[in-house]
Amino acid sequence: MGHELAIANQLLDSKITDAEFDKAVERHKLLHDCKTKGFGRLKALGRLEGGIDIPVKKAVREHTTLEFATEAARMVNDGMTMTAACDLFGRNTGDLKYYCDKFGIEYKSKFAKRQWDYDATYKRILHYINRQGYRLKDAAKKIDCTPKLVMDILKSKGRTYNAQAIRIERIKKL
């Protein structure tokens with residue numbers, strides 16, 4: 001009790017203004033109401049009846065999770081961004097990913113990782129580096145990939161890039 005009185009005396013000290021004190025009381029009242037009355041009840045009461053108000057944009061609309069996942073996945077497959085599709089339902093993109101995985105719904109985002117055919121790409125790498133004389137970085141630009149991917153493809157084929165000779169060579173085994 002003594003500690004609480006010391007805190008109250010600090011609050012009533014001349015260091016804070018009346019407006020700051022009123023804000024602190026209002027904030028503590030909201031926390032107290034949430035604990036005693038319950039957040040769901042305060043939300044149901046609404047802002048004008050002494051409860052709280054949730055903005056409409058953030059409020060989840062009346063859709064089941066399965067309906068949300070199927071409709072939003074269809075929108076994404078039709079070319080809409082994931083963020084825009086999820087905003088229509090008042091949800092975030094993490095929800096869409098989670099429910100699509102949970103229900104086994106396929107969606108194809110514009111920004112999905114590209115799948116590489118290692119055999120066909122390896123032939124193109126050989127062409128650009130060994131035949132055309134491109135360096136690794138330039139060959140990667142021509143193929144529209146990263147130098148790390150080129151190195152991974154070469155490693156999977158038992159090859160390595162010799163930067164001095166600008167050639168692809170077999171990995172020498174000891």
# chains A, B, ... in the order shown; residues from 1 in each chain; ligands from 1
$ residues_around --residues "Tyr99 of chain A" --least-positions-apart "5" --cutoff "10 Å" --atoms "only C-alpha atoms" --output "ChimeraX atom specification"
/A:65-70,73,94,104-105
$ atom_distance --atom1 "atom CA of Gly158 of chain A" --atom2 "atom CA of Tyr122 of chain A"
11.2 Å
$ atom_distance --atom1 "atom CA of Glu62 of chain A" --atom2 "atom CA of Lys97 of chain A"
19.2 Å
$ atom_distance --atom1 "atom CA of Tyr128 of chain A" --atom2 "atom CA of Lys141 of chain A"
10.5 Å
$ select_by_dssp --residues "segment 56-168 of chain A" --states "strand (DSSP E)" --output "list of chain:residue names"
A:Arg159, A:Thr160, A:Tyr161, A:Asn162, A:Arg167, A:Ile168
$ closest_residue --among "A:Ser109, A:Thr83, A:Asn130, A:Asn77" --to "Ile166 of chain A" --atoms "only C-alpha atoms"
A:Asn130
$ residues_around --residues "Thr93 of chain A" --least-positions-apart "6" --cutoff "9 Å" --atoms "only C-alpha atoms" --output "JSON, numbers by chain"
{"A": [82, 83, 85, 86, 87]}
$ residues_around --residues "Ile171 of chain A" --least-positions-apart "3" --cutoff "10 Å" --atoms "only C-alpha atoms" --output "PyMOL selection string"
chain A and resi 154-155+157-161+168+174
$ select_by_dssp --residues "segment 75-143 of chain A" --states "helix (DSSP H, G or I)" --output "PyMOL selection string"
chain A and resi 75-77+82-89+93-103+118-131+136-143
